[in-house]
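Report on the structure given below.
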Amino acid sequence: MDQYFTIFEVGAVIKDSNYIFKQDDPETIQKQIKKFDVYHFLQQVDNGNPLESNIAVYTFTHITIPQSIYDMVSYETRIAQHRALAKYYESQLNRDNYVQLLGKITRHYLQTDSTGKQLYYLEALADQN
């Protein structure tokens, strides 16, 4: 995950059996996250876009939290999650958000074994500079 993330990004990597994400309604998911976040690891922040004010954006309350979680996850799971996030961002990619998402897609594919995708997105990123 990046420093700031939405429930849709989390949904891209979470297991299908996850209780919270079995819900289809973003508002219900947000309420469940708030209910289960008893240690206050997450903080909801303003996304800065009034047109998307119904999309909750989260950040971790301390910089060490995401790294601690990442360190506890197996190498195989990390690769799978990076691949899932890269595919999620690819599915969202369009002309309007190309520059914004290109770096995210590239960064996540670089953490996988998908050499073809790594090269493709590195070249696309280099073309932007």
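Labeling convention for the structure tokens: chains A, B, ... as they appear, residues from 1 per chain, ligands from 1 in order of appearance.
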For A:Ile63: contacts at 12 Å, only C-alpha atoms, fewer than 3 positions along chain excluded, given as a short mmCIF file (atom, residue, chain, number, x, y, z; two decimals) with N, CA, C and O atoms, in the first residue's frame:
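Just written: part_25.cif:
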data_model
loop_
_atom_site.label_atom_id
_atom_site.label_comp_id
_atom_site.auth_asym_id
_atom_site.auth_seq_id
_atom_site.Cartn_x
_atom_site.Cartn_y
_atom_site.Cartn_z
N ASP A 2 0.33 2.28 -0.57
CA ASP A 2 1.02 3.55 -0.52
C ASP A 2 0.71 4.22 0.81
O ASP A 2 -0.05 3.70 1.62
N GLN A 3 1.25 5.41 1.01
CA GLN A 3 1.01 6.13 2.25
C GLN A 3 -0.49 6.40 2.41
O GLN A 3 -1.02 6.30 3.49
N TYR A 4 -1.16 6.73 1.33
CA TYR A 4 -2.59 6.97 1.34
C TYR A 4 -3.25 5.92 0.45
O TYR A 4 -2.75 5.62 -0.64
N PHE A 41 -4.86 2.03 14.31
CA PHE A 41 -3.75 1.97 13.35
C PHE A 41 -4.03 2.80 12.11
O PHE A 41 -3.11 3.20 11.41
N LEU A 42 -5.30 3.02 11.84
CA LEU A 42 -5.70 3.75 10.63
C LEU A 42 -6.32 5.10 10.97
O LEU A 42 -6.94 5.26 12.01
N THR A 59 -4.78 6.45 5.91
CA THR A 59 -3.34 6.39 6.09
C THR A 59 -3.10 5.70 7.43
O THR A 59 -3.99 5.64 8.29
N PHE A 60 -1.92 5.15 7.59
CA PHE A 60 -1.57 4.57 8.88
C PHE A 60 -1.18 5.69 9.83
O PHE A 60 -0.60 6.70 9.42
N PRO A 66 2.90 0.16 8.66
CA PRO A 66 2.88 -0.62 7.42
C PRO A 66 4.13 -1.48 7.24
O PRO A 66 4.05 -2.61 6.75
N GLN A 67 5.29 -0.98 7.65
CA GLN A 67 6.52 -1.78 7.51
C GLN A 67 6.49 -2.99 8.43
O GLN A 67 6.94 -4.08 8.05
N SER A 68 5.95 -2.84 9.61
CA SER A 68 5.83 -3.98 10.53
C SER A 68 4.91 -5.05 9.96
O SER A 68 5.22 -6.25 10.02
N ILE A 69 3.81 -4.63 9.39
CA ILE A 69 2.88 -5.58 8.77
C ILE A 69 3.57 -6.26 7.58
O ILE A 69 3.50 -7.48 7.43
N TYR A 70 4.23 -5.48 6.76
CA TYR A 70 4.92 -6.01 5.58
C TYR A 70 5.96 -7.05 5.97
O TYR A 70 6.09 -8.09 5.33
#
Neighbour list for A:Ala86 as a list of chain:residue names, cut-off 8 Å, only C-alpha atoms, skip fewer than 5 positions in-chain: A:Lys104, A:Ile105, A:Thr106, A:His108, A:Tyr109
Which residues are close to A:Tyr39, i.e. within 12 Å by only C-alpha atoms, leaving aside same-chain residues fewer than 4 positions away? Reply as a list in words. Ile33, Lys34, Lys35, Gln43, Phe60, Thr61, His62 and Ile65 of chain A
Applying 8 Å and only C-alpha atoms, which residues near A:Val45 remain after dropping the ones on its own chain fewer than 6 positions away? List them as a list of chain:residue names. A:Ala56, A:Val57, A:Tyr58, A:Thr59
I'd like the neighbourhood of A:Ile7 as a PyMOL selection string, where a residue qualifies if any of its atoms comes within 9 Å (using only C-alpha atoms), though same-chain residues fewer than 4 positions away should be ignored. chain A and resi 11-12+21+26+29-30+55-58
Generate a file of the selected residues that holds N, CA and C atoms, formatted as a PDB file, in the first residue's frame.
ATOM      1  N   GLY A  11      -9.291  -3.787  -1.053  1.00  0.00           N
ATOM      2  CA  GLY A  11     -10.125  -4.849  -1.608  1.00  0.00           C
ATOM      3  C   GLY A  11      -9.455  -5.629  -2.716  1.00  0.00           C
ATOM      4  N   ALA A  12      -8.504  -4.998  -3.408  1.00  0.00           N
ATOM      5  CA  ALA A  12      -7.792  -5.670  -4.505  1.00  0.00           C
ATOM      6  C   ALA A  12      -6.839  -6.745  -3.995  1.00  0.00           C
ATOM      7  N   PHE A  21     -14.871  -7.180   3.838  1.00  0.00           N
ATOM      8  CA  PHE A  21     -14.971  -6.903   2.414  1.00  0.00           C
ATOM      9  C   PHE A  21     -15.971  -7.789   1.684  1.00  0.00           C
ATOM     10  N   PRO A  26     -19.518   0.612   0.114  1.00  0.00           N
ATOM     11  CA  PRO A  26     -18.332   1.253   0.708  1.00  0.00           C
ATOM     12  C   PRO A  26     -18.584   1.852   2.088  1.00  0.00           C
ATOM     13  N   ILE A  29     -18.476  -0.916   4.633  1.00  0.00           N
ATOM     14  CA  ILE A  29     -17.081  -1.345   4.817  1.00  0.00           C
ATOM     15  C   ILE A  29     -16.347  -0.351   5.712  1.00  0.00           C
ATOM     16  N   GLN A  30     -16.542   0.934   5.479  1.00  0.00           N
ATOM     17  CA  GLN A  30     -15.887   1.959   6.296  1.00  0.00           C
ATOM     18  C   GLN A  30     -16.307   1.851   7.757  1.00  0.00           C
ATOM     19  N   ILE A  55     -15.515   8.658  -1.265  1.00  0.00           N
ATOM     20  CA  ILE A  55     -14.480   7.631  -1.269  1.00  0.00           C
ATOM     21  C   ILE A  55     -13.506   7.921  -0.132  1.00  0.00           C
ATOM     22  N   ALA A  56     -13.536   7.074   0.874  1.00  0.00           N
ATOM     23  CA  ALA A  56     -12.670   7.282   2.035  1.00  0.00           C
ATOM     24  C   ALA A  56     -11.222   6.985   1.690  1.00  0.00           C
ATOM     25  N   VAL A  57     -10.351   7.851   2.153  1.00  0.00           N
ATOM     26  CA  VAL A  57      -8.912   7.664   1.989  1.00  0.00           C
ATOM     27  C   VAL A  57      -8.330   7.477   3.386  1.00  0.00           C
ATOM     28  N   TYR A  58      -7.466   6.470   3.508  1.00  0.00           N
ATOM     29  CA  TYR A  58      -6.872   6.140   4.792  1.00  0.00           C
ATOM     30  C   TYR A  58      -5.361   6.298   4.739  1.00  0.00           C
TER      31      TYR A  58
END
Selection near stretch 89-100 of chain A, 9 Å with only C-alpha atoms, sequence-local residues under 4 positions removed, as a VMD selection string: chain A and resid 9 84 to 85 104 to 105 125 128
When DSSP works through the backbone of this structure, what residues of stretch 17-129 of chain A end up as strand (DSSP E or B), shown as a CSV table (one decimal) with N, CA, C and O atoms, in the first residue's frame?
chain,number,residue,atom,x,y,z
A,42,LEU,N,-5.3,3.0,11.8
A,42,LEU,CA,-5.7,3.7,10.6
A,42,LEU,C,-6.3,5.1,11.0
A,42,LEU,O,-6.9,5.3,12.0
A,43,GLN,N,-6.1,6.0,10.0
A,43,GLN,CA,-6.7,7.3,10.2
A,43,GLN,C,-7.4,7.7,8.8
A,43,GLN,O,-6.7,7.5,7.8
A,44,GLN,N,-8.6,8.1,8.9
A,44,GLN,CA,-9.3,8.5,7.7
A,44,GLN,C,-8.9,10.0,7.4
A,44,GLN,O,-8.9,10.8,8.3
A,45,VAL,N,-8.5,10.3,6.1
A,45,VAL,CA,-8.1,11.6,5.8
A,45,VAL,C,-8.9,12.2,4.6
A,45,VAL,O,-9.5,11.4,3.9
A,57,VAL,N,-10.4,7.9,2.2
A,57,VAL,CA,-8.9,7.7,2.0
A,57,VAL,C,-8.3,7.5,3.4
A,57,VAL,O,-8.7,8.2,4.3
A,58,TYR,N,-7.5,6.5,3.5
A,58,TYR,CA,-6.9,6.1,4.8
A,58,TYR,C,-5.4,6.3,4.7
A,58,TYR,O,-4.7,6.2,3.7
A,59,THR,N,-4.8,6.4,5.9
A,59,THR,CA,-3.3,6.4,6.1
A,59,THR,C,-3.1,5.7,7.4
A,59,THR,O,-4.0,5.6,8.3
A,60,PHE,N,-1.9,5.1,7.6
A,60,PHE,CA,-1.6,4.6,8.9
A,60,PHE,C,-1.2,5.7,9.8
A,60,PHE,O,-0.6,6.7,9.4
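A straight line drawn from atom CA of A:Tyr88 to atom CA of A:Asn129 is 23.9 Å long.
For the set A:Thr115, A:Gln32, A:Thr64, A:Gln81, the residue with the smallest atom-to-atom gap to A:Lys15 is A:Gln81, counting only C-alpha atoms.
Atom to atom, atom CA of A:Phe36 and atom CA of A:Ile20 stand 9.2 Å apart.
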I need the alpha helix (DSSP H) residues of chain A per DSSP on the backbone, written as a VMD selection string. chain A and resid 7 to 13 26 to 36 64 to 72 75 to 92 98 to 109 115 to 128
What is the distance between atom CA of A:Val10 and atom CA of A:Ala124, in Å to one decimal? 25.5 Å
